[in-house]
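Student: First the structure, then my questions, so here it is.
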Amino acid sequence: MHKIKNYINDQFLLPITDEWIDNYNPSNGEIYGQIPNSSTEDIEEAYKAAKNAFPTWGQTTIEERSRILIKISELLEENLQRFAEAESKDNGKPISLAKTVDIPRAASNFRFFGNAITQFASESHESVGQNAINYTLRQPIGVVGCISPWNLPLYLFTWKIAPAIAAGNCVVAKPSEITPMTAYLLGEICNEAGLPKGVLNIVHGLGSTTGQAIVEHPDIKAISFTGGTATGAHIAKVAAPMFKKLSLELGGKNPNIIFADCDYNEMLETTVRSSFANQGQICLCGSRIFVEQSIYDTFKTDFVKKVKALKVGHPSDSTTNIGALVSKSHLEKVIQYIEIAKEEDGIILCGGNEVTIKGYENGYYLEPTVIEVSTDECRVNQEEIFGPVVTIMPFKTEDEVLEMANKVKYGLSATLWTNNLKRTMRMSNKLQTGIVWVNTWMMRDLRTPFGGVKASGVGREGGFEALRFFTEAKNVCIKY
Ligand code: NDP
C-alpha cells in the first residue's frame, strides 16, 4: 500500500510519531494508501526548515523567483496526465475535469504569480510643501501557513502557495487529509524545478491536529485558509489573539438568477454546469436557482430533461459527467439534506438516489438532484449542501428576487442571466456577494479580486490582492 510522506526541507519524511491515516478511493470505497497524521513535532520541523530558508529566499531576486515558479508550472503541464489521474482517483472527480480544469489551473497559478511578481509595485507619496517623500516597502512576512480543502485539491492548494512564495515567503502547507495525493506529488516537481530547500514544506494530517498545529504556531505569522465557514470561524478565534494576518475563503450558497430576457440556450447549458460541475462540490456552484415566473415552467421541463441525461459514472470513464462524491460521510450528509427537503415539502423533480456502478458497488455515487421549493427560507435553500443538489423556485419581480438572493448568511458569488443593461447594473450593485457573473459562470481572470462577504470569508485572493496579503507594507518617510 502506498504511503505518502511529508515534504520538509526538500526531503520526503515519515511522520515523527509514526501515526497514519487511511486514504480512500471514492470511486470504489477502498483504502488505497496511507498518509501521515503529522503532529506538532512535524510542524515544528517544517517551520524550522521554512525559517532557515527565509533569509535567502526573501532576498532572492524577483527574476529568479519568477523563473522557478514558471518552471514548476511547465513541469506540471508536462506531467498533466499523471497528476490528473492522481487527482481523479483521490477525489472522485471525472478524469476529464481534472485534465481540463484542475491541473491546468494549478499550472496557471504558478505561471500567473511567476509573472505577476515581476509587475508588483508599491506606492510613493511626495509630501508637497513639507520637503519629504514617503515610499511603501512591501516586504515578505516570513513563514506563512496555507490550508486548503478537498474539492479542488491542487487547484486551491497552489492558488495559495504560488503567491506566498512569489512574494518571498516560506511556507508550511497542509492539503485536505481526504485528498493529499497531488500535493504530495508537487514536492517532486518542486525539487525538479530547483525550488531551494525549505521554501515550501508540505505536511499531511487531520485538520484538528496538523492544521490546528499550523494555526497555533506562534511564529507562523499569516494563515491563508480555504474551507468551511465553521472551520474558518474556529481558525479566526485561535489566530486572533496572536494577531496573525488571516485570509479566509469560506462556504457559499450562491444564487443563480434567471430573467426571461436572457439568451435561453446559453443559460440552460451553463446552468447545468454551474449546478453540477465537480458533483456540485465547488464553493461557487449556483445552488439556488431563481427563475422569472413567465419562463418557469419551460425552464423546469428543459432543465430536468438535461439533468436526467447527465451520466453518473466511474471517474476514469471519459464519458462520465458526474463522478463520485469525495467521501462516504460527505455522501451521507448530502443524502440527509435530500431527506430534509422532503420533510420540508420540497418536490424532488429528478434524482435523489444513490447510484450503483457495476464493478464499483461501494463507490460514493449520487444522482444529480433538482428540488422544487415553495419558499426560499427552507433549510435546503439556506444551508450549504456542497453536493449535486440544487433548488429551483419562481420569482415575479426584481426586488423580490434580490431580497431572496441576499437573504442567506453567505455572500460568495451570484450569477445573473439577463440582457437588460440597466437591470444588470442595478442588481450587480445590490447583490451582497464578492463576485457577480453576468451571462456566464466561473469565468476567471486571475488578476481579479476573489473572495466573499458575510459568512463566506474575509479578505481577497487573486492578482495583486494576494501579493498584498503575503507582504507587509512599511511606510518610510524621508525628509530632505
Ligand atoms: P474544512 O473546513 O473541513 O477543511 C478545510 C481544511 O481545513 C482541510 O485541510 C482541513 O483538514 C483543515 N482543518 C480542519 N479543521 C482545522 C483546524 N482546526 N485547524 C486548521 N485546519 C483545519 O472544509 P472541507 O475540506 O470540507 O471543504 C469544503 C468547504 O470548503 C465548503 O464549505 C466550501 O464551500 C469551502 N470552500 C470555499 C472556497 C472559497 O474559495 N470560498 C473554495 C472551495 C471550498 P482535514 O480535511 O484534513 O480535516
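Chain labels follow the order of the C-alpha cells: the first chain is A, the next B, and so on; residue numbering restarts at 1 in every chain, and ligands are counted from 1 in their shown order.
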Enumerate, in order of chain and increasing residue number, the residues of range 112-167 of chain A with an atom no farther than 9 Å from range 183-197 of chain A, each with its shortest atom pair and distance in Å to one decimal, counting only C-alpha atoms, as a Markdown table.
Tutor:
```
| residue | atom | partner | partner_atom | distance |
| --- | --- | --- | --- | --- |
| A:Pro153 | CA | A:Ala183 | CA | 7.7 |
| A:Leu154 | CA | A:Ala183 | CA | 6.2 |
| A:Phe157 | CA | A:Ala183 | CA | 7.5 |
| A:Thr158 | CA | A:Ala183 | CA | 8.7 |
```
Student: Would you output that residue set with N, CA, C and O atoms, as a short mmCIF file (atom, residue, chain, number, x, y, z; two decimals), in the first residue's frame?
Tutor:
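Ended up saving to result_26.cif:
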```cif
data_model
loop_
_atom_site.label_atom_id
_atom_site.label_comp_id
_atom_site.auth_asym_id
_atom_site.auth_seq_id
_atom_site.Cartn_x
_atom_site.Cartn_y
_atom_site.Cartn_z
N PRO A 153 -8.43 20.05 -5.14
CA PRO A 153 -7.26 19.90 -4.28
C PRO A 153 -6.01 20.66 -4.71
O PRO A 153 -5.56 21.56 -3.99
N LEU A 154 -5.45 20.34 -5.88
CA LEU A 154 -4.20 21.01 -6.25
C LEU A 154 -4.46 22.45 -6.69
O LEU A 154 -3.64 23.35 -6.47
N PHE A 157 -4.78 24.52 -3.48
CA PHE A 157 -3.51 24.45 -2.73
C PHE A 157 -2.48 25.41 -3.37
O PHE A 157 -1.85 26.22 -2.69
N THR A 158 -2.37 25.33 -4.70
CA THR A 158 -1.37 26.13 -5.40
C THR A 158 -1.79 27.59 -5.52
O THR A 158 -0.97 28.48 -5.67
#
```
Student: Using only C-alpha atoms and all ligand atoms, which of A:Pro26, A:Gly387, A:Gly351, A:Gly142 sits nearest ligand 1?
Tutor: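 Smallest distance to ligand 1 is found for A:Gly387.
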Student: Within 8 Å of range 283-295 of chain A, counting only C-alpha atoms, which residues show up once you throw out same-chain ones fewer than 6 positions away? Write them as a ChimeraX atom specification, please.
Tutor: /A:250-260,271,274-277,381,386,389-397,401,412-415,442
Student: Suppose we keep N, CA, C and O atoms; can you now write the selection as a CSV table (one decimal), in the first residue's frame?
Tutor:
```csv
chain,number,residue,atom,x,y,z
A,250,LEU,N,-14.4,31.0,2.5
A,250,LEU,CA,-15.3,30.0,3.2
A,250,LEU,C,-16.5,29.6,2.3
A,250,LEU,O,-16.4,29.7,1.1
A,251,GLY,N,-17.5,29.1,2.9
A,251,GLY,CA,-18.6,28.5,2.2
A,251,GLY,C,-19.4,29.5,1.3
A,251,GLY,O,-19.3,30.7,1.4
A,252,GLY,N,-20.4,28.9,0.6
A,252,GLY,CA,-21.2,29.7,-0.3
A,252,GLY,C,-22.6,29.0,-0.4
A,252,GLY,O,-22.7,27.8,-0.2
A,253,LYS,N,-23.6,29.8,-0.8
A,253,LYS,CA,-24.9,29.3,-1.1
A,253,LYS,C,-25.4,30.3,-2.2
A,253,LYS,O,-26.2,31.2,-1.9
A,254,ASN,N,-24.9,30.1,-3.4
A,254,ASN,CA,-24.9,31.1,-4.4
A,254,ASN,C,-26.2,31.1,-5.2
A,254,ASN,O,-26.6,30.1,-5.7
A,255,PRO,N,-26.8,32.3,-5.4
A,255,PRO,CA,-28.0,32.4,-6.2
A,255,PRO,C,-27.7,32.4,-7.7
A,255,PRO,O,-26.6,33.0,-8.1
A,256,ASN,N,-28.5,31.7,-8.5
A,256,ASN,CA,-28.4,31.8,-10.0
A,256,ASN,C,-29.7,32.4,-10.4
A,256,ASN,O,-30.8,31.7,-10.3
A,257,ILE,N,-29.7,33.6,-10.8
A,257,ILE,CA,-31.0,34.4,-11.1
A,257,ILE,C,-31.2,34.5,-12.6
A,257,ILE,O,-30.4,35.0,-13.3
A,258,ILE,N,-32.3,34.0,-13.0
A,258,ILE,CA,-32.6,33.8,-14.4
A,258,ILE,C,-33.8,34.7,-14.8
A,258,ILE,O,-34.9,34.4,-14.4
A,259,PHE,N,-33.6,35.7,-15.7
A,259,PHE,CA,-34.7,36.6,-16.2
A,259,PHE,C,-35.1,36.1,-17.5
A,259,PHE,O,-34.3,35.5,-18.3
A,260,ALA,N,-36.3,36.3,-17.9
A,260,ALA,CA,-36.9,35.8,-19.1
A,260,ALA,C,-36.2,36.4,-20.4
A,260,ALA,O,-36.2,35.8,-21.4
A,271,THR,N,-26.2,26.7,-16.8
A,271,THR,CA,-26.9,26.4,-15.5
A,271,THR,C,-26.7,24.9,-15.2
A,271,THR,O,-26.5,24.6,-14.0
A,274,SER,N,-23.1,25.0,-13.9
A,274,SER,CA,-23.0,25.7,-12.6
A,274,SER,C,-23.7,25.0,-11.4
A,274,SER,O,-23.4,25.3,-10.3
A,275,SER,N,-24.6,24.1,-11.8
A,275,SER,CA,-25.2,23.3,-10.7
A,275,SER,C,-24.5,22.1,-10.4
A,275,SER,O,-24.4,21.7,-9.2
A,276,PHE,N,-23.9,21.4,-11.4
A,276,PHE,CA,-23.4,20.0,-11.1
A,276,PHE,C,-21.9,19.8,-11.4
A,276,PHE,O,-21.4,18.7,-11.2
A,277,ALA,N,-21.2,20.8,-11.9
A,277,ALA,CA,-19.7,20.6,-12.1
A,277,ALA,C,-19.1,20.1,-10.9
A,277,ALA,O,-19.4,20.6,-9.8
A,381,ASN,N,-32.5,25.6,1.1
A,381,ASN,CA,-32.2,26.8,0.4
A,381,ASN,C,-31.3,27.8,1.1
A,381,ASN,O,-30.9,28.8,0.6
A,386,PHE,N,-23.3,21.5,-0.7
A,386,PHE,CA,-22.0,21.2,-1.3
A,386,PHE,C,-21.9,19.8,-2.0
A,386,PHE,O,-21.0,19.1,-1.9
A,389,VAL,N,-26.9,18.9,-5.7
A,389,VAL,CA,-28.3,19.2,-5.3
A,389,VAL,C,-28.5,20.7,-5.5
A,389,VAL,O,-27.8,21.5,-5.0
A,390,VAL,N,-29.6,21.0,-6.3
A,390,VAL,CA,-30.0,22.4,-6.4
A,390,VAL,C,-31.4,22.6,-6.1
A,390,VAL,O,-32.2,21.6,-6.3
A,391,THR,N,-31.8,23.8,-5.7
A,391,THR,CA,-33.2,24.1,-5.6
A,391,THR,C,-33.7,25.0,-6.7
A,391,THR,O,-32.8,25.8,-7.2
A,392,ILE,N,-34.9,24.9,-7.1
A,392,ILE,CA,-35.4,25.9,-8.0
A,392,ILE,C,-36.8,26.4,-7.5
A,392,ILE,O,-37.5,25.7,-6.8
A,393,MET,N,-37.0,27.7,-7.8
A,393,MET,CA,-38.3,28.3,-7.5
A,393,MET,C,-38.5,29.6,-8.4
A,393,MET,O,-37.5,30.2,-8.8
A,394,PRO,N,-39.8,29.9,-8.6
A,394,PRO,CA,-40.0,31.1,-9.5
A,394,PRO,C,-40.0,32.4,-8.7
A,394,PRO,O,-40.1,32.4,-7.5
A,395,PHE,N,-39.8,33.5,-9.4
A,395,PHE,CA,-40.0,34.8,-8.8
A,395,PHE,C,-40.7,35.7,-9.8
A,395,PHE,O,-40.8,35.5,-11.0
A,396,LYS,N,-41.3,36.8,-9.2
A,396,LYS,CA,-42.1,37.7,-10.0
A,396,LYS,C,-41.4,39.0,-10.4
A,396,LYS,O,-41.4,39.5,-11.5
A,397,THR,N,-40.7,39.6,-9.3
A,397,THR,CA,-40.1,40.9,-9.6
A,397,THR,C,-38.7,40.9,-9.2
A,397,THR,O,-38.2,40.1,-8.5
A,401,VAL,N,-36.6,39.0,-6.0
A,401,VAL,CA,-35.5,38.0,-6.2
A,401,VAL,C,-34.3,38.6,-5.6
A,401,VAL,O,-33.4,37.8,-5.0
A,412,LEU,N,-20.8,34.7,-1.3
A,412,LEU,CA,-19.6,34.4,-2.1
A,412,LEU,C,-19.8,34.9,-3.6
A,412,LEU,O,-19.2,35.9,-4.0
A,413,SER,N,-20.7,34.3,-4.3
A,413,SER,CA,-20.9,34.7,-5.7
A,413,SER,C,-22.4,34.7,-6.1
A,413,SER,O,-23.2,34.1,-5.4
A,414,ALA,N,-22.7,35.3,-7.2
A,414,ALA,CA,-24.0,35.3,-7.7
A,414,ALA,C,-23.9,35.3,-9.2
A,414,ALA,O,-23.0,35.8,-9.8
A,415,THR,N,-24.9,34.6,-9.9
A,415,THR,CA,-24.9,34.6,-11.3
A,415,THR,C,-26.2,35.2,-11.8
A,415,THR,O,-27.3,35.0,-11.2
A,442,MET,N,-18.3,31.2,-13.5
A,442,MET,CA,-16.9,30.7,-13.2
A,442,MET,C,-15.9,31.0,-14.3
A,442,MET,O,-15.0,30.3,-14.6
```
Student: Using only C-alpha atoms, pick whichever of A:Glu249, A:Glu377, A:Glu41, A:Glu78 has the shortest atom-to-atom distance to Phe450 in chain A.
Tutor: A:Glu249
Student: Among range 328-384 of chain A, which ones does DSSP place in alpha helix (DSSP H), written as a list in words?
Tutor: Lys328, Ser329, His330, Leu331, Glu332, Lys333, Val334, Ile335, Gln336, Tyr337, Ile338, Glu339, Ile340, Ala341, Lys342, Glu343, Arg379, Val380, Asn381 and Gln382 of chain A
Student: Which one is closest to Ile165 in chain A: A:Leu366, A:Ala50, A:Leu152, A:Ala455? Count only C-alpha atoms.
Tutor: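 Between A:Leu366, A:Ala50, A:Leu152, A:Ala455, the residue approaching Ile165 in chain A most closely is A:Ala50.
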Student: Please report the interatomic distance between CA of Met181 in chain A and atom 31 (C, counted along the ligand's line) of ligand 1 in Å with one decimal.
Tutor: 19.4 Å
Student: When you count only C-alpha atoms and all ligand atoms, which of these residues is closest to ligand 1: A:Lys237, A:Lys5, A:Arg67, A:Arg138?
Tutor: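 Comparing A:Lys237, A:Lys5, A:Arg67, A:Arg138 against ligand 1, the winner is A:Lys237.
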Student: When you draw a straight line from CA of Pro15 in chain A to CA of Val143 in chain A, how long is it in Å?
Tutor: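 So the two atoms, CA of Pro15 in chain A and CA of Val143 in chain A, lie 20.8 Å apart.
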Student: Could you name the residues that touch Ser96 in chain A at 9 Å or less, counting only C-alpha atoms, but leaving out those on the same chain fewer than 2 positions away, as a PDB file with N, CA and C atoms, in the first residue's frame?
Tutor:
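This went into part_6.pdb:
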```pdb
ATOM      1  N   ALA A  84      -3.503  14.367 -13.321  1.00  0.00           N
ATOM      2  CA  ALA A  84      -4.962  14.290 -13.491  1.00  0.00           C
ATOM      3  C   ALA A  84      -5.474  12.934 -12.998  1.00  0.00           C
ATOM      4  N   SER A  88      -8.078  12.550  -9.885  1.00  0.00           N
ATOM      5  CA  SER A  88      -9.357  11.890 -10.114  1.00  0.00           C
ATOM      6  C   SER A  88      -9.536  10.703  -9.164  1.00  0.00           C
ATOM      7  N   LYS A  93     -13.466  12.920  -8.853  1.00  0.00           N
ATOM      8  CA  LYS A  93     -13.943  13.777  -9.963  1.00  0.00           C
ATOM      9  C   LYS A  93     -13.616  13.124 -11.301  1.00  0.00           C
ATOM     10  N   PRO A  94     -14.428  13.398 -12.340  1.00  0.00           N
ATOM     11  CA  PRO A  94     -14.137  12.827 -13.651  1.00  0.00           C
ATOM     12  C   PRO A  94     -12.721  13.205 -14.110  1.00  0.00           C
ATOM     13  N   ALA A  98     -10.411  16.842 -14.257  1.00  0.00           N
ATOM     14  CA  ALA A  98      -9.076  17.022 -13.677  1.00  0.00           C
ATOM     15  C   ALA A  98      -8.086  17.446 -14.762  1.00  0.00           C
ATOM     16  N   LYS A  99      -8.275  16.884 -15.967  1.00  0.00           N
ATOM     17  CA  LYS A  99      -7.348  17.150 -17.073  1.00  0.00           C
ATOM     18  C   LYS A  99      -7.553  18.523 -17.704  1.00  0.00           C
ATOM     19  N   THR A 100      -8.792  18.986 -17.714  1.00  0.00           N
ATOM     20  CA  THR A 100      -9.061  20.263 -18.388  1.00  0.00           C
ATOM     21  C   THR A 100      -9.169  21.440 -17.425  1.00  0.00           C
ATOM     22  N   VAL A 101      -9.447  21.149 -16.159  1.00  0.00           N
ATOM     23  CA  VAL A 101      -9.621  22.264 -15.209  1.00  0.00           C
ATOM     24  C   VAL A 101      -8.573  22.222 -14.089  1.00  0.00           C
ATOM     25  N   PRO A 315     -15.059   7.739 -12.463  1.00  0.00           N
ATOM     26  CA  PRO A 315     -14.299   8.940 -12.836  1.00  0.00           C
ATOM     27  C   PRO A 315     -13.341   8.740 -14.017  1.00  0.00           C
ATOM     28  N   SER A 316     -12.841   7.532 -14.195  1.00  0.00           N
ATOM     29  CA  SER A 316     -11.859   7.347 -15.278  1.00  0.00           C
ATOM     30  C   SER A 316     -12.525   7.117 -16.637  1.00  0.00           C
ATOM     31  N   ASP A 317     -13.837   6.984 -16.651  1.00  0.00           N
ATOM     32  CA  ASP A 317     -14.569   6.830 -17.911  1.00  0.00           C
ATOM     33  C   ASP A 317     -14.713   8.210 -18.556  1.00  0.00           C
ATOM     34  N   SER A 318     -14.227   8.346 -19.765  1.00  0.00           N
ATOM     35  CA  SER A 318     -14.194   9.688 -20.384  1.00  0.00           C
ATOM     36  C   SER A 318     -15.600  10.216 -20.699  1.00  0.00           C
ATOM     37  N   THR A 319     -16.620   9.345 -20.671  1.00  0.00           N
ATOM     38  CA  THR A 319     -17.978   9.823 -20.961  1.00  0.00           C
ATOM     39  C   THR A 319     -18.743  10.215 -19.678  1.00  0.00           C
ATOM     40  N   THR A 320     -18.099  10.089 -18.541  1.00  0.00           N
ATOM     41  CA  THR A 320     -18.772  10.418 -17.266  1.00  0.00           C
ATOM     42  C   THR A 320     -18.930  11.927 -17.103  1.00  0.00           C
ATOM     43  N   ASN A 321     -20.145  12.340 -16.719  1.00  0.00           N
ATOM     44  CA  ASN A 321     -20.369  13.745 -16.376  1.00  0.00           C
ATOM     45  C   ASN A 321     -20.276  13.975 -14.869  1.00  0.00           C
TER      46      ASN A 321
END
```
Student: For range 110-124 of chain A, please output as a PyMOL selection string all residues within 7 Å (counting only C-alpha atoms; exclusion window: fewer than 3 positions along the same chain).
Tutor: chain A and resi 62+66-67+69-70+72-73+106-107+134-138+162-163+166-167+464
Student: Quick one: residues within 12 Å of Gln336 in chain A, only C-alpha atoms counted, chain neighbours fewer than 5 positions away excluded, as a ChimeraX atom specification?
Tutor: /A:329-331,341-343,352-354,379-380,385,387,389
Student: Quick one: write out the picked residues with N, CA and C atoms as a CSV table (one decimal), in the first residue's frame?
Tutor:
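Result file selection_35.csv:
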```
chain,number,residue,atom,x,y,z
A,329,SER,N,-18.8,9.9,4.3
A,329,SER,CA,-19.5,10.8,5.2
A,329,SER,C,-20.1,12.0,4.5
A,330,HIS,N,-19.4,12.4,3.4
A,330,HIS,CA,-20.0,13.6,2.7
A,330,HIS,C,-21.2,13.1,1.9
A,331,LEU,N,-21.2,11.9,1.3
A,331,LEU,CA,-22.4,11.4,0.6
A,331,LEU,C,-23.5,11.3,1.6
A,341,ALA,N,-35.2,18.0,2.7
A,341,ALA,CA,-36.1,18.7,1.6
A,341,ALA,C,-37.5,18.0,1.6
A,342,LYS,N,-37.5,16.7,1.7
A,342,LYS,CA,-38.8,16.0,1.6
A,342,LYS,C,-39.7,16.4,2.8
A,343,GLU,N,-39.0,16.4,4.0
A,343,GLU,CA,-39.8,16.8,5.2
A,343,GLU,C,-40.3,18.3,5.1
A,352,GLY,N,-32.0,12.2,-6.5
A,352,GLY,CA,-32.4,12.0,-5.1
A,352,GLY,C,-31.9,10.6,-4.6
A,353,ASN,N,-31.4,9.8,-5.5
A,353,ASN,CA,-31.0,8.4,-5.1
A,353,ASN,C,-29.5,8.1,-5.3
A,354,GLU,N,-29.0,7.2,-4.5
A,354,GLU,CA,-27.7,6.7,-4.7
A,354,GLU,C,-27.6,5.9,-6.0
A,379,ARG,N,-34.5,25.0,4.8
A,379,ARG,CA,-33.1,24.7,5.1
A,379,ARG,C,-32.3,24.4,3.9
A,380,VAL,N,-32.9,23.6,2.9
A,380,VAL,CA,-32.1,23.3,1.8
A,380,VAL,C,-31.8,24.5,0.9
A,385,ILE,N,-25.0,22.7,1.0
A,385,ILE,CA,-25.1,21.3,0.9
A,385,ILE,C,-23.8,20.8,0.3
A,387,GLY,N,-23.0,19.5,-2.7
A,387,GLY,CA,-23.1,18.3,-3.5
A,387,GLY,C,-24.0,18.5,-4.7
A,389,VAL,N,-26.9,18.9,-5.7
A,389,VAL,CA,-28.3,19.2,-5.3
A,389,VAL,C,-28.5,20.7,-5.5
```
Student: Among range 288-448 of chain A, which ones does DSSP place in strand (DSSP E or B), written as a PyMOL selection string?
Tutor: chain A and resi 288-292+312+322+347-350+354+366+369-372+389-395+410-411+413-417+435-438
